[in-house]
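Below you'll find the structure, written out as structure tokens, and then a few comments.
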Amino acid sequence: MTGKKMTSPLQTAEKMLESAVREPRDLTRYLHYLSTAHAEGLPLLVTPLEAAINWSRANSIWPLTFGIACCAIEMMAVGASRFDLDRFGAGAFRPTPRQADLMIVAGTVTHKMAPRVKRLFDQMPEPKFVMAMGACTIGGGPYCKHGYHVVKGLDRLLPVDVYVPGCPPRPEALIDALLWLQNKISKSHRLTDRYWRKDMWKQFMFWKSEPRE
Amino acid sequence: MGMTSDLTQTLPREDSLKTEELLINMGPQHPSTHGVLRLVVRTDGEIVRESWPQIGFLHRCFEKIAESLNYAQVVPYTDRMDYLASMNNALAFCLGVEKLGGIEVPERAAYLRVIAAELNRIASHLVSFGTYALDLGAFTPFLYAFREREYILAILEKMSGGRLLYHYPRIGGVARDMSAEMIQDTRAFLKIMRKAWPEYNTLLSENQIFVKRTANVGAVSREQAIAWGFTGPCLRGSGVPFDLRKMHPYSLYERFDFEIPVGEGLKGTVGDCWDRYWVRMVEIMECCKIIEQALDGLPDGPVTAKVPRALKLPKGEVYVPCENPRGELGYYIISDGGAKALRVKARGPSFCNLSITNALCRDILLADVVAVLGSIDIVLGEVDR
Amino acid sequence: MNAQEIHARLKDRFGDGIGEWTAPEAGDPFILVAPTYLREVCKFLRDEADLRFDYLRLISAVDWTDRLSSAYHLYSYEHHHGVTLRVDLLRAAPRVGSVADVWPAADWHEREAYDMMGIVYEGHPALKRILLPDDWAGYPLRKDYKAPEEYNGVSNR
């Protein structure tokens, strides 16, 4: 802690507001995506399609009901009426992983639970995202030193997309993490990365054949 | 239970169908198991023949941690055991340490502890009410319960700084004082709660579907309840008028006047799911009474006793039981004279209440298993510690 | 009845099976019971009219470095009195009779004591691990326990 200048909460909040204003959270972010995609050399035929798919994926993230411990109660509070998660499109909590997009791992993962968490993640269809909610899933939380049965961080088991610190995190923090995830999805190139290569047009030039030697 | 005989009337003859018993797994990820509980059930169609609860998916090594840290550092870990009643957990631990160490808590601190514990009890019963309805298929009571709960969490956040896990009761007293604004908020909340309570009854308690699903289901007799170690609303639902706050009062509970609701079999058998649920509902109103009396009689004074920084307890052992929303929570603390405990054993009420599941869930429908689990109201943090 | 009176009753009945009365300097008193006498003592405490300990609160396993012990907290709903029994066991072979048939509540408590400390309760209907996975090595609450480096491929450091 020595040598580190502590910023006041007000300064941090102002910085967060600035970055939020710079990164638009409405449909204009997809226009932003289109312009950057073109700059990266992606063809204009596919990018609006990808932008539309990203928009629909980001605004209808269906979480898995996977509350493990205390953070689950805050997750329930986020689903309730005051901090309504449904207004972000993420209110349809699915009990089965086969129909879920997002696994919010809310609570401490223990060694006994770890194979089941991995199994649930494997059962989710692509595209899938993982949110590590709470200090326990980030690095073991309060149990990181003396907990022999606690997995010290969810990323030892699964690839995590977004971490939410707190013990438990406030519902606003969970919503912020969801919006951050929506941003990440809106900027992703899943479709073009998978189905488009730079010289893909060549395979359609079938009337031009290479001279045989 | 007379339900199975009704079913066998309509089933086709056994020799005309090839039937098999299924071994089904419920959990550890399941919407109705209140956390990471795994129930392996052997069913004959829809009828459960045997069920084996498997726990330990949330075992967070509380007892080992309590041996590795000093007493003041252990208090936040007690919060996380029963995370819905965190004030009561920390209170029980602090009482144990204070009893062994001969530390006297000032009166104002005792009253504040009572107010915090009772507010948390209401919040916990609201969650149990909301999630019980959710398990049985009704979503609206869940939203109603969380609406009132937000008021309580706002008050507790002002008092302690946290919404769910507070670290408010400390060894020797409480963390900080309650200001006039918080007292005003609490009184306003009591008015809101008293108006909302009849709404819950019209919504759920008298609802025919809810009554049909919970009355006469999972009835636990008085002798069974005592023998299996039931405590709290589950025990009172079975007709035993026992409450630690009345029989062995702690933290000045003897000064408050409140009733103990006992299950009487109003909708069916004594000790069925509806009775246990009803005991919790009536307890919400009794908690409001206690909070009002505590606010009216709040004495002046310090909020914490002088406790040495490196607290060393004398050699000895103590067991202090407290009345948690789920039952009797006790800490068995053994000290060998040092700054760290030799042994801390936490008696989680949900652990003991859950052990009856196999004996109780026999020859009932699979849907009734959900009703029984919800009425026992377990929290896995307390079961697994 | 207070703890000293209960101790006197038990001493009358069981003689050598009960340890001497020692008033503790701080905290609650306990009654020391020999392992071979435990089941009879428990049945006596549950069935005697003026004792009627019908509620088993807790069974704890304690590691005293030189020995292990199993502590029983009992309570009576009829007479509103409580008592603590303690059974001292050898560290090398901690075995004591199970009281699961005296109080059904003891079932899970004894399984947990076995899981955490390794105390074997003879006559228990199904003594196996309850909180930790079935293939976990070691008894965590013992003072000489070292947590494993990894479990199932997941590092534990």
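Naming scheme: A, B, ... for chains in displayed order of the structure tokens; residues 1 onward per chain; ligands 1 onward as shown.
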
_Show me, as JSON, numbers by chain, every residue of chain A with an atom at most 8 Å from chain C, counting only C-alpha atoms._
{"A": [111, 112, 148, 149, 150, 151, 152, 156, 157]}

Can I get the residues of chain B within 9 Å of chain A, each with the closest pair of atoms and their distance in Å to one decimal, using only C-alpha atoms, sorted chain first then ascending number, as CSV?
```
residue,atom,partner,partner_atom,distance
B:Pro28,CA,A:Arg116,CA,7.9
B:Gln29,CA,A:Phe66,CA,6.3
B:His30,CA,A:Pro95,CA,6.8
B:Pro31,CA,A:Pro95,CA,6.1
B:His34,CA,A:Gly67,CA,8.8
B:Gly35,CA,A:Ile68,CA,5.6
B:Val36,CA,A:Ile68,CA,5.8
B:Gly56,CA,A:Lys112,CA,7.2
B:Phe57,CA,A:Met113,CA,5.2
B:Leu58,CA,A:Thr110,CA,6.2
B:His59,CA,A:His149,CA,6.8
B:Arg60,CA,A:Val150,CA,6.2
B:Cys61,CA,A:Gly147,CA,5.6
B:Phe62,CA,A:Gly147,CA,8.0
B:Lys64,CA,A:His146,CA,7.3
B:Ile65,CA,A:His146,CA,5.8
B:Ser68,CA,A:His146,CA,7.6
B:Tyr77,CA,A:Pro142,CA,8.0
B:Arg80,CA,A:Cys70,CA,7.1
B:Met81,CA,A:Cys70,CA,8.8
B:Asp82,CA,A:Cys70,CA,8.5
B:Tyr83,CA,A:Cys70,CA,5.6
B:Leu84,CA,A:Cys70,CA,7.8
B:Val127,CA,A:Ile73,CA,8.9
B:Phe142,CA,A:Ala80,CA,7.7
B:Leu143,CA,A:Ala80,CA,5.6
B:Tyr144,CA,A:Ser81,CA,8.5
B:Phe146,CA,A:Ala80,CA,6.5
B:Arg147,CA,A:Ser81,CA,7.0
B:Glu150,CA,A:Arg82,CA,7.9
B:Gly162,CA,A:Pro168,CA,8.7
B:Arg163,CA,A:Arg170,CA,7.7
B:Leu164,CA,A:Pro168,CA,7.2
B:Leu165,CA,A:Pro168,CA,7.5
B:Val379,CA,A:Ala69,CA,8.7
B:Leu380,CA,A:Ala69,CA,7.4
B:Gly381,CA,A:Ala69,CA,6.5
```

Mind running chain C against chain B at 10 Å and telling me each contacting residue's nearest atom pair with the distance in Å (one decimal), counting only C-alpha atoms, chain and number ascending, as JSON lines?
```
{"residue": "C:Pro24", "atom": "CA", "partner": "B:Gly316", "partner_atom": "CA", "distance": 6.8}
{"residue": "C:Glu25", "atom": "CA", "partner": "B:Gly316", "partner_atom": "CA", "distance": 7.1}
{"residue": "C:Ala26", "atom": "CA", "partner": "B:Gly316", "partner_atom": "CA", "distance": 5.4}
{"residue": "C:Gly27", "atom": "CA", "partner": "B:Val318", "partner_atom": "CA", "distance": 5.0}
{"residue": "C:Asp28", "atom": "CA", "partner": "B:Val318", "partner_atom": "CA", "distance": 5.1}
{"residue": "C:Pro29", "atom": "CA", "partner": "B:Glu317", "partner_atom": "CA", "distance": 7.9}
{"residue": "C:Phe30", "atom": "CA", "partner": "B:Glu317", "partner_atom": "CA", "distance": 8.9}
{"residue": "C:Asp54", "atom": "CA", "partner": "B:Ala227", "partner_atom": "CA", "distance": 6.5}
{"residue": "C:Tyr55", "atom": "CA", "partner": "B:Ile226", "partner_atom": "CA", "distance": 5.8}
{"residue": "C:Leu56", "atom": "CA", "partner": "B:Gly229", "partner_atom": "CA", "distance": 6.3}
{"residue": "C:Arg57", "atom": "CA", "partner": "B:Gly229", "partner_atom": "CA", "distance": 6.6}
{"residue": "C:Leu58", "atom": "CA", "partner": "B:Arg347", "partner_atom": "CA", "distance": 6.5}
{"residue": "C:Ile59", "atom": "CA", "partner": "B:Arg347", "partner_atom": "CA", "distance": 8.9}
{"residue": "C:Ser60", "atom": "CA", "partner": "B:Lys345", "partner_atom": "CA", "distance": 6.7}
{"residue": "C:Ala61", "atom": "CA", "partner": "B:Lys345", "partner_atom": "CA", "distance": 8.5}
{"residue": "C:Val62", "atom": "CA", "partner": "B:Arg343", "partner_atom": "CA", "distance": 6.7}
{"residue": "C:Asp63", "atom": "CA", "partner": "B:Arg343", "partner_atom": "CA", "distance": 7.9}
{"residue": "C:Trp64", "atom": "CA", "partner": "B:Leu342", "partner_atom": "CA", "distance": 8.1}
{"residue": "C:Ala71", "atom": "CA", "partner": "B:Tyr332", "partner_atom": "CA", "distance": 9.8}
{"residue": "C:His73", "atom": "CA", "partner": "B:Tyr319", "partner_atom": "CA", "distance": 8.5}
{"residue": "C:Ser76", "atom": "CA", "partner": "B:Ile226", "partner_atom": "CA", "distance": 9.7}
{"residue": "C:Tyr77", "atom": "CA", "partner": "B:Phe242", "partner_atom": "CA", "distance": 7.9}
{"residue": "C:His80", "atom": "CA", "partner": "B:Met247", "partner_atom": "CA", "distance": 8.0}
{"residue": "C:Thr84", "atom": "CA", "partner": "B:Tyr319", "partner_atom": "CA", "distance": 9.1}
{"residue": "C:Val102", "atom": "CA", "partner": "B:Ala227", "partner_atom": "CA", "distance": 8.7}
{"residue": "C:Trp103", "atom": "CA", "partner": "B:Ala227", "partner_atom": "CA", "distance": 5.6}
{"residue": "C:Pro104", "atom": "CA", "partner": "B:Trp228", "partner_atom": "CA", "distance": 5.3}
{"residue": "C:Ala105", "atom": "CA", "partner": "B:Trp228", "partner_atom": "CA", "distance": 4.3}
{"residue": "C:Ala106", "atom": "CA", "partner": "B:Trp228", "partner_atom": "CA", "distance": 8.0}
{"residue": "C:Asp107", "atom": "CA", "partner": "B:Ser355", "partner_atom": "CA", "distance": 8.0}
{"residue": "C:Trp108", "atom": "CA", "partner": "B:Ser355", "partner_atom": "CA", "distance": 6.6}
{"residue": "C:His109", "atom": "CA", "partner": "B:Cys352", "partner_atom": "CA", "distance": 8.2}
{"residue": "C:Glu112", "atom": "CA", "partner": "B:Asp384", "partner_atom": "CA", "distance": 9.9}
{"residue": "C:Met116", "atom": "CA", "partner": "B:Glu63", "partner_atom": "CA", "distance": 9.7}
{"residue": "C:Arg129", "atom": "CA", "partner": "B:Gly56", "partner_atom": "CA", "distance": 9.3}
{"residue": "C:Ile130", "atom": "CA", "partner": "B:Gly56", "partner_atom": "CA", "distance": 6.5}
{"residue": "C:Leu131", "atom": "CA", "partner": "B:Gly56", "partner_atom": "CA", "distance": 3.8}
{"residue": "C:Leu132", "atom": "CA", "partner": "B:Gly56", "partner_atom": "CA", "distance": 5.8}
{"residue": "C:Pro133", "atom": "CA", "partner": "B:Gly56", "partner_atom": "CA", "distance": 7.6}
{"residue": "C:Pro140", "atom": "CA", "partner": "B:Lys64", "partner_atom": "CA", "distance": 7.6}
{"residue": "C:Leu141", "atom": "CA", "partner": "B:Lys64", "partner_atom": "CA", "distance": 6.1}
{"residue": "C:Arg142", "atom": "CA", "partner": "B:Lys64", "partner_atom": "CA", "distance": 9.1}
{"residue": "C:Lys143", "atom": "CA", "partner": "B:Lys64", "partner_atom": "CA", "distance": 9.4}
```

*Pull the strand (DSSP E) assignments for stretch 57-152 of chain C out of DSSP run on the backbone, and list those residues as a count of residues only.*
31

*Identify which of the residues C:Val83, C:Ala137, C:Leu38, C:Ala3 lies closest to C:Tyr121, counting only C-alpha atoms when measuring atom-to-atom distances.*
C:Leu38

*Can you list, as a ChimeraX atom specification, every residue of stretch 12-137 of chain C that DSSP puts in helix (DSSP H, G or I)?*
/C:12-17,35-47,106-117

Prev. selection, N, CA and C atoms, output as a PDB file, in the first residue's frame:
```
ATOM      1  N   ASP C  12     -23.159 -42.826  41.288  1.00  0.00           N
ATOM      2  CA  ASP C  12     -23.876 -43.839  42.081  1.00  0.00           C
ATOM      3  C   ASP C  12     -24.132 -45.080  41.261  1.00  0.00           C
ATOM      4  N   ARG C  13     -24.632 -44.864  40.071  1.00  0.00           N
ATOM      5  CA  ARG C  13     -25.083 -45.968  39.226  1.00  0.00           C
ATOM      6  C   ARG C  13     -23.946 -46.713  38.566  1.00  0.00           C
ATOM      7  N   PHE C  14     -22.948 -45.956  38.047  1.00  0.00           N
ATOM      8  CA  PHE C  14     -21.936 -46.594  37.206  1.00  0.00           C
ATOM      9  C   PHE C  14     -20.568 -46.681  37.837  1.00  0.00           C
ATOM     10  N   GLY C  15     -20.372 -46.028  38.972  1.00  0.00           N
ATOM     11  CA  GLY C  15     -19.111 -46.190  39.704  1.00  0.00           C
ATOM     12  C   GLY C  15     -17.885 -45.848  38.899  1.00  0.00           C
ATOM     13  N   ASP C  16     -17.126 -46.914  38.531  1.00  0.00           N
ATOM     14  CA  ASP C  16     -15.823 -46.704  37.898  1.00  0.00           C
ATOM     15  C   ASP C  16     -15.905 -46.123  36.502  1.00  0.00           C
ATOM     16  N   GLY C  17     -17.086 -46.249  35.879  1.00  0.00           N
ATOM     17  CA  GLY C  17     -17.175 -45.776  34.495  1.00  0.00           C
ATOM     18  C   GLY C  17     -17.199 -44.263  34.373  1.00  0.00           C
ATOM     19  N   PRO C  35     -15.043 -45.118  27.713  1.00  0.00           N
ATOM     20  CA  PRO C  35     -15.622 -45.503  26.418  1.00  0.00           C
ATOM     21  C   PRO C  35     -16.517 -46.735  26.486  1.00  0.00           C
ATOM     22  N   THR C  36     -16.160 -47.716  27.296  1.00  0.00           N
ATOM     23  CA  THR C  36     -16.951 -48.939  27.333  1.00  0.00           C
ATOM     24  C   THR C  36     -18.295 -48.721  28.000  1.00  0.00           C
ATOM     25  N   TYR C  37     -18.425 -47.684  28.837  1.00  0.00           N
ATOM     26  CA  TYR C  37     -19.675 -47.442  29.554  1.00  0.00           C
ATOM     27  C   TYR C  37     -20.605 -46.499  28.815  1.00  0.00           C
ATOM     28  N   LEU C  38     -20.133 -45.919  27.712  1.00  0.00           N
ATOM     29  CA  LEU C  38     -20.877 -44.799  27.112  1.00  0.00           C
ATOM     30  C   LEU C  38     -22.318 -45.147  26.765  1.00  0.00           C
ATOM     31  N   ARG C  39     -22.533 -46.282  26.103  1.00  0.00           N
ATOM     32  CA  ARG C  39     -23.887 -46.596  25.624  1.00  0.00           C
ATOM     33  C   ARG C  39     -24.844 -46.770  26.786  1.00  0.00           C
ATOM     34  N   GLU C  40     -24.401 -47.455  27.875  1.00  0.00           N
ATOM     35  CA  GLU C  40     -25.323 -47.624  29.015  1.00  0.00           C
ATOM     36  C   GLU C  40     -25.615 -46.293  29.672  1.00  0.00           C
ATOM     37  N   VAL C  41     -24.579 -45.465  29.799  1.00  0.00           N
ATOM     38  CA  VAL C  41     -24.783 -44.155  30.414  1.00  0.00           C
ATOM     39  C   VAL C  41     -25.803 -43.362  29.610  1.00  0.00           C
ATOM     40  N   CYS C  42     -25.674 -43.392  28.280  1.00  0.00           N
ATOM     41  CA  CYS C  42     -26.595 -42.620  27.437  1.00  0.00           C
ATOM     42  C   CYS C  42     -28.022 -43.146  27.569  1.00  0.00           C
ATOM     43  N   LYS C  43     -28.166 -44.471  27.572  1.00  0.00           N
ATOM     44  CA  LYS C  43     -29.522 -45.027  27.700  1.00  0.00           C
ATOM     45  C   LYS C  43     -30.113 -44.655  29.046  1.00  0.00           C
ATOM     46  N   PHE C  44     -29.306 -44.700  30.096  1.00  0.00           N
ATOM     47  CA  PHE C  44     -29.759 -44.336  31.434  1.00  0.00           C
ATOM     48  C   PHE C  44     -30.195 -42.876  31.468  1.00  0.00           C
ATOM     49  N   LEU C  45     -29.386 -42.010  30.874  1.00  0.00           N
ATOM     50  CA  LEU C  45     -29.714 -40.585  30.880  1.00  0.00           C
ATOM     51  C   LEU C  45     -31.000 -40.316  30.108  1.00  0.00           C
ATOM     52  N   ARG C  46     -31.233 -41.096  29.052  1.00  0.00           N
ATOM     53  CA  ARG C  46     -32.438 -40.839  28.261  1.00  0.00           C
ATOM     54  C   ARG C  46     -33.675 -41.367  28.953  1.00  0.00           C
ATOM     55  N   ASP C  47     -33.551 -42.517  29.675  1.00  0.00           N
ATOM     56  CA  ASP C  47     -34.756 -43.189  30.149  1.00  0.00           C
ATOM     57  C   ASP C  47     -35.143 -42.865  31.583  1.00  0.00           C
ATOM     58  N   ALA C 106     -28.013 -38.721  16.348  1.00  0.00           N
ATOM     59  CA  ALA C 106     -26.576 -38.953  16.439  1.00  0.00           C
ATOM     60  C   ALA C 106     -25.973 -39.439  15.134  1.00  0.00           C
ATOM     61  N   ASP C 107     -26.800 -39.975  14.279  1.00  0.00           N
ATOM     62  CA  ASP C 107     -26.349 -40.558  13.012  1.00  0.00           C
ATOM     63  C   ASP C 107     -25.386 -39.634  12.263  1.00  0.00           C
ATOM     64  N   TRP C 108     -25.885 -38.464  11.875  1.00  0.00           N
ATOM     65  CA  TRP C 108     -25.065 -37.570  11.079  1.00  0.00           C
ATOM     66  C   TRP C 108     -23.919 -36.949  11.876  1.00  0.00           C
ATOM     67  N   HIS C 109     -24.164 -36.696  13.166  1.00  0.00           N
ATOM     68  CA  HIS C 109     -23.095 -36.110  13.980  1.00  0.00           C
ATOM     69  C   HIS C 109     -21.902 -37.045  14.061  1.00  0.00           C
ATOM     70  N   GLU C 110     -22.181 -38.345  14.208  1.00  0.00           N
ATOM     71  CA  GLU C 110     -21.066 -39.297  14.304  1.00  0.00           C
ATOM     72  C   GLU C 110     -20.361 -39.441  12.974  1.00  0.00           C
ATOM     73  N   ARG C 111     -21.125 -39.377  11.888  1.00  0.00           N
ATOM     74  CA  ARG C 111     -20.476 -39.444  10.573  1.00  0.00           C
ATOM     75  C   ARG C 111     -19.553 -38.256  10.386  1.00  0.00           C
ATOM     76  N   GLU C 112     -19.978 -37.090  10.860  1.00  0.00           N
ATOM     77  CA  GLU C 112     -19.133 -35.910  10.705  1.00  0.00           C
ATOM     78  C   GLU C 112     -17.880 -36.031  11.572  1.00  0.00           C
ATOM     79  N   ALA C 113     -18.030 -36.548  12.792  1.00  0.00           N
ATOM     80  CA  ALA C 113     -16.866 -36.722  13.653  1.00  0.00           C
ATOM     81  C   ALA C 113     -15.889 -37.721  13.032  1.00  0.00           C
ATOM     82  N   TYR C 114     -16.419 -38.743  12.392  1.00  0.00           N
ATOM     83  CA  TYR C 114     -15.546 -39.699  11.713  1.00  0.00           C
ATOM     84  C   TYR C 114     -14.838 -39.037  10.541  1.00  0.00           C
ATOM     85  N   ASP C 115     -15.587 -38.245   9.791  1.00  0.00           N
ATOM     86  CA  ASP C 115     -15.050 -37.578   8.616  1.00  0.00           C
ATOM     87  C   ASP C 115     -13.939 -36.605   8.984  1.00  0.00           C
ATOM     88  N   MET C 116     -14.177 -35.834  10.030  1.00  0.00           N
ATOM     89  CA  MET C 116     -13.233 -34.758  10.364  1.00  0.00           C
ATOM     90  C   MET C 116     -12.086 -35.232  11.227  1.00  0.00           C
ATOM     91  N   MET C 117     -12.339 -36.226  12.106  1.00  0.00           N
ATOM     92  CA  MET C 117     -11.321 -36.579  13.081  1.00  0.00           C
ATOM     93  C   MET C 117     -10.898 -38.030  13.015  1.00  0.00           C
TER      94      MET C 117
END
```

*For C:Arg86, please output as an MDAnalysis selection string all residues within 7 Å (counting only C-alpha atoms; exclusion window: fewer than 5 positions along the same chain).*
chainID C and resid 30:33 69:72

Atoms kept (N, CA and C atoms) for selection, written as a PDB file, in the first residue's frame:
```pdb
ATOM      1  N   PHE C  30     -18.029 -30.641  32.648  1.00  0.00           N
ATOM      2  CA  PHE C  30     -18.353 -31.794  31.833  1.00  0.00           C
ATOM      3  C   PHE C  30     -18.167 -33.037  32.698  1.00  0.00           C
ATOM      4  N   ILE C  31     -18.743 -34.156  32.225  1.00  0.00           N
ATOM      5  CA  ILE C  31     -18.637 -35.419  32.961  1.00  0.00           C
ATOM      6  C   ILE C  31     -17.834 -36.387  32.097  1.00  0.00           C
ATOM      7  N   LEU C  32     -16.772 -36.912  32.659  1.00  0.00           N
ATOM      8  CA  LEU C  32     -15.914 -37.827  31.914  1.00  0.00           C
ATOM      9  C   LEU C  32     -16.487 -39.239  32.012  1.00  0.00           C
ATOM     10  N   VAL C  33     -16.657 -39.879  30.865  1.00  0.00           N
ATOM     11  CA  VAL C  33     -17.228 -41.228  30.839  1.00  0.00           C
ATOM     12  C   VAL C  33     -16.235 -42.157  30.152  1.00  0.00           C
ATOM     13  N   SER C  69     -10.999 -36.885  21.773  1.00  0.00           N
ATOM     14  CA  SER C  69     -12.173 -37.127  22.604  1.00  0.00           C
ATOM     15  C   SER C  69     -13.432 -36.801  21.832  1.00  0.00           C
ATOM     16  N   SER C  70     -14.509 -37.417  22.280  1.00  0.00           N
ATOM     17  CA  SER C  70     -15.820 -37.245  21.661  1.00  0.00           C
ATOM     18  C   SER C  70     -16.710 -36.654  22.737  1.00  0.00           C
ATOM     19  N   ALA C  71     -17.280 -35.484  22.486  1.00  0.00           N
ATOM     20  CA  ALA C  71     -18.083 -34.795  23.501  1.00  0.00           C
ATOM     21  C   ALA C  71     -19.543 -34.828  23.101  1.00  0.00           C
ATOM     22  N   TYR C  72     -20.414 -35.098  24.055  1.00  0.00           N
ATOM     23  CA  TYR C  72     -21.854 -35.195  23.804  1.00  0.00           C
ATOM     24  C   TYR C  72     -22.563 -34.123  24.619  1.00  0.00           C
TER      25      TYR C  72
END
```

_List the spatial neighbours of A:Ser56 as a PyMOL selection string - criterion: any atom at most 12 Å away, only C-alpha atoms, same-chain residues fewer than 2 positions off excluded._
chain A and resi 27+30+49-54+58-62+88-90+182+185-186

How about saving the chosen residues, N, CA and C atoms kept, as a PDB file, in the first residue's frame?
```pdb
ATOM      1  N   LEU A  27     -27.640   1.096 -29.339  1.00  0.00           N
ATOM      2  CA  LEU A  27     -27.412   0.501 -30.653  1.00  0.00           C
ATOM      3  C   LEU A  27     -26.236   1.126 -31.402  1.00  0.00           C
ATOM      4  N   TYR A  30     -23.048  -0.755 -32.117  1.00  0.00           N
ATOM      5  CA  TYR A  30     -22.932  -1.687 -33.238  1.00  0.00           C
ATOM      6  C   TYR A  30     -22.445  -0.981 -34.496  1.00  0.00           C
ATOM      7  N   LEU A  49     -24.496  -8.642 -40.526  1.00  0.00           N
ATOM      8  CA  LEU A  49     -25.113  -9.867 -40.014  1.00  0.00           C
ATOM      9  C   LEU A  49     -24.537 -10.196 -38.647  1.00  0.00           C
ATOM     10  N   GLU A  50     -23.201 -10.082 -38.558  1.00  0.00           N
ATOM     11  CA  GLU A  50     -22.569 -10.391 -37.276  1.00  0.00           C
ATOM     12  C   GLU A  50     -22.994  -9.374 -36.213  1.00  0.00           C
ATOM     13  N   ALA A  51     -23.121  -8.123 -36.619  1.00  0.00           N
ATOM     14  CA  ALA A  51     -23.550  -7.111 -35.655  1.00  0.00           C
ATOM     15  C   ALA A  51     -24.952  -7.411 -35.150  1.00  0.00           C
ATOM     16  N   ALA A  52     -25.831  -7.846 -36.068  1.00  0.00           N
ATOM     17  CA  ALA A  52     -27.198  -8.163 -35.656  1.00  0.00           C
ATOM     18  C   ALA A  52     -27.209  -9.358 -34.709  1.00  0.00           C
ATOM     19  N   ILE A  53     -26.388 -10.361 -35.039  1.00  0.00           N
ATOM     20  CA  ILE A  53     -26.354 -11.543 -34.169  1.00  0.00           C
ATOM     21  C   ILE A  53     -25.784 -11.179 -32.810  1.00  0.00           C
ATOM     22  N   ASN A  54     -24.740 -10.352 -32.806  1.00  0.00           N
ATOM     23  CA  ASN A  54     -24.176  -9.917 -31.524  1.00  0.00           C
ATOM     24  C   ASN A  54     -25.197  -9.153 -30.709  1.00  0.00           C
ATOM     25  N   ALA A  58     -26.371 -10.400 -27.076  1.00  0.00           N
ATOM     26  CA  ALA A  58     -26.044  -9.606 -25.893  1.00  0.00           C
ATOM     27  C   ALA A  58     -27.295  -9.205 -25.121  1.00  0.00           C
ATOM     28  N   ASN A  59     -28.387  -8.986 -25.839  1.00  0.00           N
ATOM     29  CA  ASN A  59     -29.569  -8.498 -25.157  1.00  0.00           C
ATOM     30  C   ASN A  59     -30.519  -9.595 -24.717  1.00  0.00           C
ATOM     31  N   SER A  60     -30.115 -10.842 -24.872  1.00  0.00           N
ATOM     32  CA  SER A  60     -30.972 -11.910 -24.360  1.00  0.00           C
ATOM     33  C   SER A  60     -30.115 -12.996 -23.736  1.00  0.00           C
ATOM     34  N   ILE A  61     -29.272 -12.579 -22.835  1.00  0.00           N
ATOM     35  CA  ILE A  61     -28.416 -13.551 -22.153  1.00  0.00           C
ATOM     36  C   ILE A  61     -29.259 -14.267 -21.132  1.00  0.00           C
ATOM     37  N   TRP A  62     -29.396 -15.559 -21.234  1.00  0.00           N
ATOM     38  CA  TRP A  62     -30.196 -16.310 -20.268  1.00  0.00           C
ATOM     39  C   TRP A  62     -29.274 -17.001 -19.278  1.00  0.00           C
ATOM     40  N   PHE A  88     -32.671  -5.981 -18.669  1.00  0.00           N
ATOM     41  CA  PHE A  88     -31.509  -6.114 -19.545  1.00  0.00           C
ATOM     42  C   PHE A  88     -31.631  -7.339 -20.421  1.00  0.00           C
ATOM     43  N   GLY A  89     -32.764  -7.988 -20.376  1.00  0.00           N
ATOM     44  CA  GLY A  89     -32.959  -9.172 -21.194  1.00  0.00           C
ATOM     45  C   GLY A  89     -32.460 -10.440 -20.541  1.00  0.00           C
ATOM     46  N   ALA A  90     -31.915 -10.320 -19.336  1.00  0.00           N
ATOM     47  CA  ALA A  90     -31.284 -11.483 -18.707  1.00  0.00           C
ATOM     48  C   ALA A  90     -32.129 -12.030 -17.583  1.00  0.00           C
ATOM     49  N   GLN A 182     -22.165  -7.671 -21.909  1.00  0.00           N
ATOM     50  CA  GLN A 182     -22.912  -7.319 -23.123  1.00  0.00           C
ATOM     51  C   GLN A 182     -22.012  -6.546 -24.082  1.00  0.00           C
ATOM     52  N   ILE A 185     -19.665  -8.972 -25.723  1.00  0.00           N
ATOM     53  CA  ILE A 185     -20.324  -9.757 -26.778  1.00  0.00           C
ATOM     54  C   ILE A 185     -20.541  -8.900 -28.016  1.00  0.00           C
ATOM     55  N   SER A 186     -20.889  -7.643 -27.801  1.00  0.00           N
ATOM     56  CA  SER A 186     -21.185  -6.793 -28.954  1.00  0.00           C
ATOM     57  C   SER A 186     -19.938  -6.545 -29.795  1.00  0.00           C
TER      58      SER A 186
END
```

_stretch 124-136 of chain A surroundings by only C-alpha atoms, 6 Å radius, close-in-sequence under 4 positions cut, as a PyMOL selection string_ = chain A and resi 97-98+101-106+108+140-141+160-169

*Spatial neighbours of stretch 358-361 of chain B, 9 Å, only C-alpha atoms, chain gap at least 3 places, as a PyMOL selection string*: chain B and resi 48-53+218-220+354-355+364-366+368-369+372
